[in-house]
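For reference, the structure discussed in these notes is given below.
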Amino acid sequence: MAVLQISRIQLRRGKKNEASGLPQLASGEMAWAIDSQELYIGNGAVSEGAPAVGNTRLLTENDNILDLADQYQYKVNDLAIQTNADVNFPVIRTLQDRLDDIVTSNNYGIKADGSDQTNNIQNAITNLFVPLTKSRVILQFQPGTYKITSTINIPSYVTIEGAGVGKTVFNFVGTGTVFNFIKDTGATTIEQGNQPRFISMKGFSVTTNSIATQVFEMNSVRDSVFENISVTGVWTTSSPSSTASIGIGMYAFSAMVTCQRNKFTRVIVTGSCIGVYSKQDIFNNLFDDCGFKTLETGVQFGVGTGFGVTGFQYGPRKNIIKNSRFEYIRQHGIIVDKGYGNRSRSNMFKDTGNDDTGDDTFNAGQNQYSVIKFVNAGNSSTQDIFNRAIGLASTGYGTKAYLAEVEGAVLFSSPETRVINIGQAYTPVEAFRIPLNSTTGIDINYVYQSTAFVQMRQGTISIALDRINDSMQFVDEFNYTGTDGDDENLVFTAEIEDIGGYKTIVVSYTNSNISDIAKLTYSYTALS
């Protein structure tokens, strides 16, 4: 290879720690410090394009990279990033500061080794978040199972993030409360300014081993977020109410200092007696895309005694449960006794209210409960989907007896249309049943379409039911298109029927169209 040009090579050598030390080197000039075994090169002038006049130290095998731990700069090689107002003086941090940006359970010696970690976890929370003037960092828990034997207190501004459901697991082996939310340190009386607030907890599972357990004891918590959390409790049908396990308990000091504006997203409660419990004046909380499975009651609001005093004036109000799943709930999926403005919207209920868990049949000896029960007026169920067992297997009562899906002072609209086949029938044939448990006004909208005859009917069957006296008024009004004179070949009737103690409205039909092949599509609304 031909050498076309050899540029001048400038090189100095000397001792860094004698006389005047390291001089300012010319552009591209190199210097070797014999005593400190360090190599430097001159930056060059700013007019040449150098960011600053000075010398740059080159790393050699004699250097320890940790000695440069005070020279961390964010995205140092990205010219589009300017961390300071003056481009020549970027923000420089120590490596220690950079590593301290993230706090993990390992930093506080919290181990997933089967030993009791209660004190270590509480120490980390107290040290990081109490008093409120401390840094409001994120405490990250690494994957693993952490044993807890007693209550962990959660103050304001706590942020806890796990590695995910089933990855970070808090295994509670004690009794009582797992996470207790507390007012600010030093406050004698809980008020709006010192109640637990702005808390974030996400990405973990909690398992318990006792029937007398409450996982979240939310004492007047406001403006907080709970996301991607799984709660698994222990409960049996023989458990007394005093030891009922609760997934989320929500409490109020007063109507103003209360649990409000909290958001629960993808929180799953399994195996406890009650999924969400409150009888106090909680207000405007949201449960979205949550799951409630194998419980006695899914959401229980305003049930019990002791009302009429501070904190118990109204009951739960204006809370929303939406897009959530209720599966194998022994009694009510949602019950609201005291309180108003609570909304159930677009929830799915499977095998709920059948006094058992884990199957799709209603067996002898079981009670039945309405899926949603609103005792007070002012609550609503909208676009909820119900898919529960309705059969009375092995009882001799038949297979169609069941209670109303939504009970109480409420306007209920069945969101799903249903289709049945209609054929020739000179004696009444049961078409469908409407469950009932209170005085109710029912509108059944239907469309009848025959494929064997030129007949189509669109109508509304209106039923006024006096449940106290078991009397009923039935009206069928319809529009018809088809062969003249055949509009009344299809006739609907209704009666109240008691099957095994459960009363329903049985809607039947007769059809004088010989060998008819038709479909009846219907849906209904009920105001009770």
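Labels used: A, B, ... for chains in the order of the structure tokens, numbers from 1 for residues in each chain, and numbers from 1 for ligands as shown.
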
Report as a ChimeraX atom specification: the residues of segment 64-200 of chain A with a DSSP assignment of alpha helix (DSSP H), based on the backbone of this structure. /A:95-99,118-129

Can you tell me, as a list in words, what residues are no more than 7 Å from Val336 of chain A when counting only C-alpha atoms, ignoring any on the same chain fewer than 6 positions away? Gln300, Phe301, Gly302, Lys373, Phe374 and Val375 of chain A

Rank nothing, just name the residue among A:Lys318, A:Arg325, A:Arg266, A:Lys279 nearest to Gly249 of chain A, using only C-alpha atoms. A:Lys279

Rank A:Lys202, A:Arg93, A:Arg345, A:Arg13 by their smallest atom-to-atom distance to Phe141 of chain A, using only C-alpha atoms, and report the top residue only.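 With only C-alpha atoms as the atom set, the closest residue is A:Lys202.
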
Please report, as a list in words, each residue of segment 85-170 of chain A to which DSSP assigns strand (DSSP E) when run on this structure's backbone.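 So, restricting segment 85-170 of chain A to strand (DSSP E), we get Val103, Thr104, Leu139, Gln140, Gly144, Thr145, Tyr146, Lys147, Ile148, Ile152, Asn153, Ile154, Thr159, Ile160, Glu161, Thr168, Val169 and Phe170 of chain A.
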
Deliver the residues from the most recent selection as a file, using N, CA and C atoms, as a PDB file, in the first residue's frame.
ATOM      1  N   VAL A 103     -36.127   2.813  42.207  1.00  0.00           N
ATOM      2  CA  VAL A 103     -36.014   2.144  43.502  1.00  0.00           C
ATOM      3  C   VAL A 103     -36.708   0.789  43.397  1.00  0.00           C
ATOM      4  N   THR A 104     -35.996  -0.267  43.696  1.00  0.00           N
ATOM      5  CA  THR A 104     -36.568  -1.606  43.631  1.00  0.00           C
ATOM      6  C   THR A 104     -36.605  -2.229  45.018  1.00  0.00           C
ATOM      7  N   LEU A 139     -41.757   2.638  43.740  1.00  0.00           N
ATOM      8  CA  LEU A 139     -41.152   1.472  44.379  1.00  0.00           C
ATOM      9  C   LEU A 139     -41.528   0.242  43.563  1.00  0.00           C
ATOM     10  N   GLN A 140     -40.538  -0.323  42.896  1.00  0.00           N
ATOM     11  CA  GLN A 140     -40.765  -1.471  42.023  1.00  0.00           C
ATOM     12  C   GLN A 140     -40.434  -2.766  42.759  1.00  0.00           C
ATOM     13  N   GLY A 144     -41.457 -12.536  42.086  1.00  0.00           N
ATOM     14  CA  GLY A 144     -41.241 -13.415  43.220  1.00  0.00           C
ATOM     15  C   GLY A 144     -42.428 -13.369  44.156  1.00  0.00           C
ATOM     16  N   THR A 145     -42.425 -14.231  45.173  1.00  0.00           N
ATOM     17  CA  THR A 145     -43.486 -14.290  46.171  1.00  0.00           C
ATOM     18  C   THR A 145     -42.953 -13.751  47.496  1.00  0.00           C
ATOM     19  N   TYR A 146     -43.629 -12.735  48.027  1.00  0.00           N
ATOM     20  CA  TYR A 146     -43.192 -12.058  49.237  1.00  0.00           C
ATOM     21  C   TYR A 146     -44.165 -12.389  50.377  1.00  0.00           C
ATOM     22  N   LYS A 147     -43.647 -12.972  51.427  1.00  0.00           N
ATOM     23  CA  LYS A 147     -44.470 -13.374  52.566  1.00  0.00           C
ATOM     24  C   LYS A 147     -44.753 -12.173  53.467  1.00  0.00           C
ATOM     25  N   ILE A 148     -46.042 -11.987  53.817  1.00  0.00           N
ATOM     26  CA  ILE A 148     -46.466 -10.917  54.716  1.00  0.00           C
ATOM     27  C   ILE A 148     -47.273 -11.552  55.849  1.00  0.00           C
ATOM     28  N   ILE A 152     -49.809  -3.963  56.235  1.00  0.00           N
ATOM     29  CA  ILE A 152     -48.912  -2.956  55.656  1.00  0.00           C
ATOM     30  C   ILE A 152     -49.699  -1.651  55.556  1.00  0.00           C
ATOM     31  N   ASN A 153     -49.192  -0.570  56.138  1.00  0.00           N
ATOM     32  CA  ASN A 153     -49.847   0.732  56.095  1.00  0.00           C
ATOM     33  C   ASN A 153     -49.407   1.509  54.859  1.00  0.00           C
ATOM     34  N   ILE A 154     -50.381   2.073  54.154  1.00  0.00           N
ATOM     35  CA  ILE A 154     -50.132   2.801  52.914  1.00  0.00           C
ATOM     36  C   ILE A 154     -50.526   4.264  53.100  1.00  0.00           C
ATOM     37  N   THR A 159     -46.493   4.915  45.417  1.00  0.00           N
ATOM     38  CA  THR A 159     -46.595   4.280  44.096  1.00  0.00           C
ATOM     39  C   THR A 159     -45.866   2.955  44.157  1.00  0.00           C
ATOM     40  N   ILE A 160     -46.608   1.876  43.999  1.00  0.00           N
ATOM     41  CA  ILE A 160     -46.045   0.529  44.028  1.00  0.00           C
ATOM     42  C   ILE A 160     -46.352  -0.150  42.702  1.00  0.00           C
ATOM     43  N   GLU A 161     -45.327  -0.675  42.076  1.00  0.00           N
ATOM     44  CA  GLU A 161     -45.500  -1.388  40.811  1.00  0.00           C
ATOM     45  C   GLU A 161     -44.814  -2.745  40.893  1.00  0.00           C
ATOM     46  N   THR A 168     -45.350 -10.841  40.467  1.00  0.00           N
ATOM     47  CA  THR A 168     -45.097 -10.327  41.813  1.00  0.00           C
ATOM     48  C   THR A 168     -46.293 -10.704  42.675  1.00  0.00           C
ATOM     49  N   VAL A 169     -46.055 -11.484  43.736  1.00  0.00           N
ATOM     50  CA  VAL A 169     -47.137 -12.013  44.564  1.00  0.00           C
ATOM     51  C   VAL A 169     -46.868 -11.663  46.028  1.00  0.00           C
ATOM     52  N   PHE A 170     -47.862 -11.047  46.669  1.00  0.00           N
ATOM     53  CA  PHE A 170     -47.818 -10.820  48.107  1.00  0.00           C
ATOM     54  C   PHE A 170     -48.668 -11.897  48.774  1.00  0.00           C
TER      55      PHE A 170
END

Write out as a VMD selection string the residues lying within 12 Å of Asn479 of chain A, counting only C-alpha atoms and excluding same-chain residues fewer than 2 positions away. chain A and resid 445 to 448 455 to 461 476 to 477 481 to 482 487 to 488

Could you turn the residues from that selection into a file that holds N, CA and C atoms, as a PDB file, in the first residue's frame?
ATOM      1  N   ASN A 445     -91.259  -6.320  22.970  1.00  0.00           N
ATOM      2  CA  ASN A 445     -91.276  -5.976  21.540  1.00  0.00           C
ATOM      3  C   ASN A 445     -90.936  -7.226  20.730  1.00  0.00           C
ATOM      4  N   TYR A 446     -91.758  -7.499  19.692  1.00  0.00           N
ATOM      5  CA  TYR A 446     -91.525  -8.729  18.941  1.00  0.00           C
ATOM      6  C   TYR A 446     -91.736  -8.512  17.443  1.00  0.00           C
ATOM      7  N   VAL A 447     -91.116  -9.408  16.684  1.00  0.00           N
ATOM      8  CA  VAL A 447     -91.331  -9.491  15.238  1.00  0.00           C
ATOM      9  C   VAL A 447     -91.583 -10.958  14.892  1.00  0.00           C
ATOM     10  N   TYR A 448     -92.740 -11.227  14.242  1.00  0.00           N
ATOM     11  CA  TYR A 448     -93.088 -12.578  13.778  1.00  0.00           C
ATOM     12  C   TYR A 448     -92.963 -12.597  12.257  1.00  0.00           C
ATOM     13  N   GLN A 455     -97.025 -13.559   5.777  1.00  0.00           N
ATOM     14  CA  GLN A 455     -97.409 -12.934   7.035  1.00  0.00           C
ATOM     15  C   GLN A 455     -96.180 -12.411   7.771  1.00  0.00           C
ATOM     16  N   MET A 456     -96.303 -11.195   8.245  1.00  0.00           N
ATOM     17  CA  MET A 456     -95.277 -10.596   9.105  1.00  0.00           C
ATOM     18  C   MET A 456     -95.995  -9.700  10.094  1.00  0.00           C
ATOM     19  N   ARG A 457     -95.596  -9.809  11.370  1.00  0.00           N
ATOM     20  CA  ARG A 457     -96.232  -9.005  12.406  1.00  0.00           C
ATOM     21  C   ARG A 457     -95.155  -8.367  13.277  1.00  0.00           C
ATOM     22  N   GLN A 458     -95.333  -7.086  13.551  1.00  0.00           N
ATOM     23  CA  GLN A 458     -94.468  -6.366  14.490  1.00  0.00           C
ATOM     24  C   GLN A 458     -95.359  -5.796  15.566  1.00  0.00           C
ATOM     25  N   GLY A 459     -95.043  -6.111  16.831  1.00  0.00           N
ATOM     26  CA  GLY A 459     -95.948  -5.672  17.875  1.00  0.00           C
ATOM     27  C   GLY A 459     -95.275  -5.479  19.213  1.00  0.00           C
ATOM     28  N   THR A 460     -96.085  -5.033  20.170  1.00  0.00           N
ATOM     29  CA  THR A 460     -95.642  -4.848  21.548  1.00  0.00           C
ATOM     30  C   THR A 460     -96.685  -5.457  22.473  1.00  0.00           C
ATOM     31  N   ILE A 461     -96.234  -6.393  23.290  1.00  0.00           N
ATOM     32  CA  ILE A 461     -97.076  -6.959  24.330  1.00  0.00           C
ATOM     33  C   ILE A 461     -96.799  -6.190  25.613  1.00  0.00           C
ATOM     34  N   ASP A 476    -101.898  -6.869  23.586  1.00  0.00           N
ATOM     35  CA  ASP A 476    -101.026  -7.113  22.429  1.00  0.00           C
ATOM     36  C   ASP A 476    -101.445  -6.184  21.297  1.00  0.00           C
ATOM     37  N   GLU A 477    -100.616  -5.200  21.012  1.00  0.00           N
ATOM     38  CA  GLU A 477    -100.863  -4.274  19.903  1.00  0.00           C
ATOM     39  C   GLU A 477     -99.811  -4.521  18.831  1.00  0.00           C
ATOM     40  N   THR A 481     -98.536  -7.096   8.037  1.00  0.00           N
ATOM     41  CA  THR A 481     -98.534  -7.062   6.572  1.00  0.00           C
ATOM     42  C   THR A 481     -98.607  -8.505   6.081  1.00  0.00           C
ATOM     43  N   GLY A 482     -99.495  -8.750   5.107  1.00  0.00           N
ATOM     44  CA  GLY A 482     -99.657 -10.108   4.616  1.00  0.00           C
ATOM     45  C   GLY A 482    -101.062 -10.334   4.085  1.00  0.00           C
ATOM     46  N   ASP A 487    -104.424 -11.875   9.988  1.00  0.00           N
ATOM     47  CA  ASP A 487    -103.573 -11.148  10.940  1.00  0.00           C
ATOM     48  C   ASP A 487    -103.709 -11.676  12.369  1.00  0.00           C
ATOM     49  N   GLU A 488    -104.821 -12.347  12.681  1.00  0.00           N
ATOM     50  CA  GLU A 488    -105.017 -12.832  14.040  1.00  0.00           C
ATOM     51  C   GLU A 488    -104.917 -14.351  14.130  1.00  0.00           C
TER      52      GLU A 488
END

Neighbour list for Leu39 of chain A as a compact mmCIF listing (two decimals) with N, CA and C atoms, in the first residue's frame, cut-off 10 Å, only C-alpha atoms, skip fewer than 2 positions in-chain:
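out_26.txt, written as the output of this step:
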# COMPACT_ATOMS: atom_id res chain seq x y z
N ARG A 13 5.05 14.19 26.52
CA ARG A 13 5.06 13.29 27.66
C ARG A 13 5.63 14.05 28.85
N MET A 30 -1.49 14.92 21.34
CA MET A 30 -1.63 13.91 22.37
C MET A 30 -0.56 14.08 23.43
N ALA A 31 -0.90 13.69 24.66
CA ALA A 31 0.07 13.77 25.75
C ALA A 31 -0.10 12.56 26.65
N TRP A 32 1.04 12.04 27.08
CA TRP A 32 1.05 10.86 27.95
C TRP A 32 1.57 11.27 29.32
N ALA A 33 0.72 11.08 30.36
CA ALA A 33 1.14 11.38 31.73
C ALA A 33 1.80 10.13 32.30
N ILE A 34 3.10 10.26 32.48
CA ILE A 34 3.88 9.08 32.88
C ILE A 34 3.53 8.63 34.29
N SER A 36 0.71 9.15 36.17
CA SER A 36 -0.66 8.65 36.39
C SER A 36 -1.11 7.66 35.35
N GLN A 37 -0.23 7.42 34.35
CA GLN A 37 -0.55 6.47 33.28
C GLN A 37 -1.87 6.82 32.61
N ILE A 41 -5.86 13.95 24.70
CA ILE A 41 -5.79 14.54 23.37
C ILE A 41 -6.46 15.91 23.42
N ASN A 55 -8.98 19.45 27.22
CA ASN A 55 -8.35 18.18 26.90
C ASN A 55 -9.32 17.04 27.19
N THR A 56 -9.32 16.04 26.34
CA THR A 56 -10.18 14.88 26.53
C THR A 56 -9.32 13.68 26.91
N ARG A 57 -9.70 13.04 27.97
CA ARG A 57 -8.94 11.88 28.43
C ARG A 57 -9.39 10.63 27.67
N LEU A 58 -8.44 9.86 27.21
CA LEU A 58 -8.72 8.61 26.51
C LEU A 58 -8.59 7.44 27.49
N LEU A 59 -9.51 6.51 27.39
CA LEU A 59 -9.46 5.35 28.28
C LEU A 59 -8.43 4.35 27.79
N THR A 60 -7.70 3.78 28.73
CA THR A 60 -6.73 2.73 28.43
C THR A 60 -6.99 1.57 29.38
N ASN A 62 -5.40 0.82 31.81
CA ASN A 62 -5.06 1.20 33.17
C ASN A 62 -6.17 1.98 33.87
N ASP A 63 -7.25 2.32 33.14
CA ASP A 63 -8.32 3.13 33.71
C ASP A 63 -9.40 2.26 34.35

Could you jot down the atom CA of Phe412 of chain A to atom CA of Ile442 of chain A separation for me, Å, one decimal place?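 A separation of 9.5 Å between them.
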
Could you list, as a ChimeraX atom specification, every residue within 12 Å of Asn469 of chain A, counting only C-alpha atoms and ignoring same-chain residues fewer than 6 positions away? /A:438-439,496

Could you pull the residues within 12 Å of Gly423 of chain A, counting only C-alpha atoms, minus those fewer than 3 positions along the same chain, as a VMD selection string? chain A and resid 420 426 to 431 448 to 453 489 to 490 509 to 520

May I ask which of the residues A:Leu95, A:Ala404, A:Cys259, A:Val491 is the closest one to Gln424 of chain A, counting only C-alpha atoms?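 With only C-alpha atoms as the atom set, the closest residue is A:Val491.
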
All residues 8 Å or closer to segment 251-256 of chain A, only C-alpha atoms, same chain fewer than 3 positions away omitted, as a PyMOL selection string: chain A and resi 190+192+217-220+259+278-282+310-314
